[in-house]
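Q: Got a structure for you, model_13.txt, holding compact mmCIF, C-alpha atoms.
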```
# COMPACT_ATOMS: atom_id res chain seq x y z
CA MET A 1 -26.33 14.93 3.67
CA ALA A 2 -25.13 13.84 7.11
CA PHE A 3 -22.74 11.36 5.48
CA ALA A 4 -21.28 14.07 3.24
CA ALA A 5 -20.80 16.33 6.24
CA ALA A 6 -19.09 13.52 8.15
CA VAL A 7 -16.72 12.88 5.24
CA VAL A 8 -15.86 16.58 5.00
CA LEU A 9 -15.12 16.67 8.72
CA VAL A 10 -13.14 13.40 8.77
CA ALA A 11 -11.09 13.91 5.59
CA PRO A 12 -8.92 16.76 6.96
CA ALA A 13 -8.23 14.74 10.12
CA VAL A 14 -7.25 11.70 8.05
CA ALA A 15 -5.08 13.82 5.73
CA SER A 16 -3.32 15.53 8.63
CA ALA A 17 -2.51 12.12 10.10
CA HIS A 18 -0.52 11.51 6.91
CA PRO A 19 1.83 14.47 6.61
CA GLY A 20 3.80 12.99 3.71
CA HIS A 21 0.75 12.93 1.49
CA ASP A 22 1.24 15.51 -1.24
CA ASP A 23 -2.31 15.95 -2.57
CA GLY A 24 -1.99 15.38 -6.28
CA GLN A 25 1.64 16.19 -6.98
CA THR A 26 2.68 12.56 -7.55
CA ALA A 27 2.26 10.68 -10.81
CA GLN A 28 0.84 7.20 -10.51
CA ASN A 29 2.95 4.25 -11.68
CA PRO A 30 0.31 1.69 -12.68
CA ALA A 31 2.96 -0.74 -14.01
CA LEU A 32 4.51 -0.90 -10.53
CA LEU A 33 1.06 -1.47 -9.00
CA SER A 34 0.61 -4.24 -11.55
CA ALA A 35 3.86 -5.83 -10.36
CA VAL A 36 2.58 -5.73 -6.77
CA VAL A 37 -0.71 -7.27 -7.88
CA MET A 38 1.00 -10.05 -9.85
CA LEU A 39 3.29 -10.95 -6.94
CA GLY A 40 0.17 -11.11 -4.76
CA GLY A 41 -1.69 -13.59 -6.94
CA GLY A 42 -3.14 -11.43 -9.70
CA PRO A 43 -6.07 -9.01 -9.94
CA ASP A 44 -8.73 -11.65 -9.30
CA HIS A 45 -6.99 -13.39 -6.39
CA PHE A 46 -4.76 -10.74 -4.81
CA SER A 47 -3.62 -11.49 -1.27
CA ALA A 48 -1.34 -9.23 0.73
CA ALA A 49 0.02 -12.28 2.56
CA VAL A 50 0.98 -13.89 -0.76
CA PHE A 51 2.49 -10.57 -1.92
CA ARG A 52 4.43 -10.11 1.32
CA ARG A 53 5.87 -13.64 1.16
CA ALA A 54 6.68 -13.36 -2.56
CA LEU A 55 8.35 -9.98 -2.11
CA SER A 56 10.46 -11.18 0.80
CA THR A 57 11.55 -14.47 -0.82
CA PRO A 58 15.13 -13.25 -1.39
CA ALA A 59 15.38 -12.15 2.26
CA ALA A 60 15.33 -15.22 4.45
CA GLY A 61 13.59 -14.57 7.72
CA GLU A 62 11.80 -11.34 6.72
CA ASP A 63 8.45 -12.63 7.96
CA GLN A 64 9.91 -13.30 11.39
CA THR A 65 11.77 -9.98 11.34
CA LEU A 66 8.50 -8.15 10.65
CA ARG A 67 6.57 -10.08 13.28
CA THR A 68 9.27 -9.43 15.87
CA ALA A 69 9.48 -5.73 15.02
CA VAL A 70 5.78 -4.84 14.87
CA GLY A 71 3.94 -7.86 16.27
CA THR A 72 2.10 -10.76 14.71
CA ALA A 73 -1.31 -9.13 15.11
CA VAL A 74 -0.14 -6.04 13.19
CA VAL A 75 1.29 -8.15 10.35
CA ASP A 76 -1.93 -10.18 10.16
CA ARG A 77 -4.01 -6.98 10.13
CA PHE A 78 -1.77 -5.63 7.33
CA ASP A 79 -2.56 -8.74 5.31
CA ASP A 80 -6.31 -8.06 5.62
CA VAL A 81 -6.15 -4.29 5.12
CA PHE A 82 -3.64 -4.22 2.27
CA THR A 83 -5.62 -6.89 0.43
CA TYR A 84 -8.67 -4.66 0.75
CA VAL A 85 -6.75 -1.52 -0.34
CA VAL A 86 -5.26 -3.15 -3.43
CA LEU A 87 -8.54 -4.76 -4.55
CA ASP A 88 -10.41 -1.51 -3.93
CA GLY A 89 -7.76 0.46 -5.84
CA ILE A 90 -7.88 -1.94 -8.79
CA GLY A 91 -11.69 -1.71 -8.81
CA THR A 92 -11.58 2.09 -8.74
CA MET A 93 -9.11 2.15 -11.61
CA LYS A 94 -11.20 -0.32 -13.62
CA ARG A 95 -14.38 1.74 -13.10
CA SER A 96 -12.44 4.80 -14.31
CA GLY A 97 -11.47 2.98 -17.50
CA LYS A 98 -7.84 2.54 -16.46
CA PRO A 99 -6.94 -1.16 -16.63
CA LEU A 100 -3.68 -2.38 -15.15
CA PRO A 101 -0.85 -2.44 -17.69
CA PRO A 102 1.74 -5.21 -17.80
CA PRO A 103 3.96 -5.20 -14.68
CA THR A 104 7.37 -3.53 -14.65
CA SER A 105 8.79 -6.83 -13.41
CA THR A 106 7.76 -9.82 -11.35
CA ASP A 107 11.24 -10.36 -9.95
CA ALA A 108 10.88 -9.85 -6.19
CA LYS A 109 14.21 -8.08 -5.76
CA ALA A 110 13.52 -5.71 -8.68
CA VAL A 111 10.00 -4.94 -7.40
CA ALA A 112 11.28 -4.30 -3.86
CA ALA A 113 13.90 -1.90 -5.24
CA ALA A 114 11.31 -0.15 -7.43
CA LEU A 115 8.93 0.21 -4.47
CA TYR A 116 11.68 1.77 -2.39
CA GLN A 117 12.62 4.18 -5.18
CA ALA A 118 8.95 5.08 -5.67
CA GLY A 119 8.73 5.94 -1.97
CA LEU A 120 11.66 8.35 -1.99
CA HIS A 121 10.58 11.94 -1.47
CA ASP A 122 13.04 14.74 -0.80
CA GLY A 123 15.79 12.18 -0.20
CA ALA A 124 13.97 10.10 2.41
CA PHE A 125 11.61 7.14 2.23
CA ASP A 126 7.97 8.17 2.67
CA VAL A 127 5.31 5.45 2.62
CA GLU A 128 2.64 8.07 1.83
CA HIS A 129 4.53 9.05 -1.32
CA LEU A 130 4.79 5.35 -2.21
CA PHE A 131 1.02 4.89 -1.85
CA ASP A 132 0.42 7.98 -4.02
CA THR A 133 2.76 6.54 -6.64
CA LEU A 134 1.13 3.12 -6.60
CA PHE A 135 -2.51 4.17 -6.53
CA SER A 136 -2.58 7.89 -7.45
CA PRO A 137 -3.22 10.57 -4.85
CA ALA A 138 -7.00 10.47 -5.44
CA ILE A 139 -7.28 6.70 -5.03
CA HIS A 140 -4.96 6.83 -2.01
CA ASN A 141 -7.22 9.46 -0.39
CA HIS A 142 -10.25 7.27 -1.08
CA ALA A 143 -8.44 4.27 0.45
CA MET A 144 -7.55 6.21 3.61
CA VAL A 145 -11.19 7.08 4.22
CA ALA A 146 -12.44 3.58 3.33
CA VAL A 147 -9.86 1.88 5.55
CA GLY A 148 -10.64 4.23 8.42
CA ARG A 149 -14.33 3.35 8.17
CA LYS A 150 -13.84 -0.40 7.73
CA TYR A 151 -10.79 -1.14 9.90
CA GLY A 152 -10.32 1.91 12.11
CA ALA A 153 -7.07 3.59 13.06
CA ASN A 154 -5.38 0.27 13.90
CA GLY A 155 -6.01 -0.99 10.38
CA GLU A 156 -4.63 2.13 8.78
CA THR A 157 -1.58 2.07 11.03
CA ALA A 158 -0.93 -1.60 10.25
CA TYR A 159 -0.97 -1.19 6.50
CA HIS A 160 1.32 1.83 6.66
CA VAL A 161 3.79 0.52 9.24
CA VAL A 162 4.17 -2.99 7.83
CA PHE A 163 4.43 -1.88 4.20
CA ALA A 164 7.01 0.79 5.05
CA ARG A 165 9.05 -1.63 7.14
CA LEU A 166 8.85 -4.40 4.53
CA VAL A 167 9.93 -2.16 1.65
CA GLN A 168 12.74 -0.52 3.63
CA ASP A 169 14.02 -3.86 4.96
CA LEU A 170 14.06 -5.41 1.50
CA ALA A 171 15.72 -2.39 -0.11
CA LYS A 172 18.73 -3.10 2.13
CA THR A 173 19.15 -6.72 0.97
```
I need this file expressed as structure tokens, please.

A:
Amino acid sequence: MAFAAAVVLVAPAVASAHPGHDDGQTAQNPALLSAVVMLGGGPDHFSAAVFRRALSTPAAGEDQTLRTAVGTAVVDRFDDVFTYVVLDGIGTMKRSGKPLPPPTSTDAKAVAAALYQAGLHDGAFDVEHLFDTLFSPAIHNHAMVAVGRKYGANGETAYHVVFARLVQDLAKT
């Protein structure tokens, strides 16, 4: 009972920290999530670090650009947190009877462009909209709460900031 009350009290605070989140209005694109998963090593061995390096292959120096912009510790935390988020999201989908379909593409440039397009909301890039599109609004909400509990605010910030920066940087190349 106390846990349920804590979740009810924390959920609005978490949601308000993510103003771009549109609470159920976004359709999930599981084929795009599958592309992310495949670039990161597959559903059984997904790694955000592998995904990040695979996605940025066409853009020489993206790893250093990210580390210079946001800091090495933030990039490393992203690798831990985003790995957790993706594996948790895949598990939630699997338990709901929704297996991952074949990926839209495994070409890094095409996936980066698709991620950017999926994040566009009202003409601007919104990482919250991108997460809703990848995971579904319900799974994204679950991930926000789980990440907050497991990694704290710094973990949540890292996975949002690095992913947004990575996708936006690569959309320009």

Q: Within 12 Å of region 120-122 of chain A, counting all atoms listed in the file, which residues show up once you throw out same-chain ones fewer than 2 positions away? Write them as JSON, numbers by chain, please.

A: {"A": [20, 21, 22, 25, 26, 113, 114, 115, 116, 117, 118, 124, 125, 126, 127, 128, 129, 130, 131, 132, 133, 164, 167, 168, 171]}

Q: Around (-2.3, 2.4, 13.9) in the file's frame, which residues reach within 12 Å when counting only C-alpha atoms? Return as a list in words?

A: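 Those within range, by chain then number, are Ala17, His18, Val70, Ala73, Val74, Val75, Arg77, Phe78, Val81, Val147, Gly148, Tyr151, Gly152, Ala153, Asn154, Gly155, Glu156, Thr157, Ala158, Tyr159, His160, Val161 and Val162 of chain A.
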
Q: Quick one, how far is CA of Ala69 (chain A) from CA of Leu170 (chain A)?

A: 14.3 Å

Q: Using all atoms listed in the file, find the one residue out of A:His140, A:Arg53, A:Lys109, A:Arg165 that sits nearest to Asp88 (chain A).

A: A:His140

Q: Could you list, as a CSV table (one decimal) with C-alpha atoms, in the coordinates of the input, every residue within 10 Å of region 100-103 of chain A, counting all atoms listed in the file and ignoring same-chain residues fewer than 6 positions away?

A:
```csv
chain,number,residue,atom,x,y,z
A,29,ASN,CA,3.0,4.2,-11.7
A,30,PRO,CA,0.3,1.7,-12.7
A,31,ALA,CA,3.0,-0.7,-14.0
A,32,LEU,CA,4.5,-0.9,-10.5
A,33,LEU,CA,1.1,-1.5,-9.0
A,34,SER,CA,0.6,-4.2,-11.6
A,35,ALA,CA,3.9,-5.8,-10.4
A,36,VAL,CA,2.6,-5.7,-6.8
A,37,VAL,CA,-0.7,-7.3,-7.9
A,38,MET,CA,1.0,-10.0,-9.8
A,39,LEU,CA,3.3,-11.0,-6.9
A,43,PRO,CA,-6.1,-9.0,-9.9
A,90,ILE,CA,-7.9,-1.9,-8.8
A,93,MET,CA,-9.1,2.2,-11.6
A,94,LYS,CA,-11.2,-0.3,-13.6
A,111,VAL,CA,10.0,-4.9,-7.4
```

Q: Give the answer as one residue: which of A:Gly89, A:Gly41, A:Gly97, A:Gly123 has the shortest atom-to-atom distance to Ala143 (chain A), using only C-alpha atoms?

A: A:Gly89

Q: So the first atom is CA of Leu55 (chain A) and the second is CA of Arg67 (chain A); what is the distance between them in Å, to one decimal place?

A: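 One can read the CA of Leu55 (chain A) to CA of Arg67 (chain A) distance as 15.5 Å.
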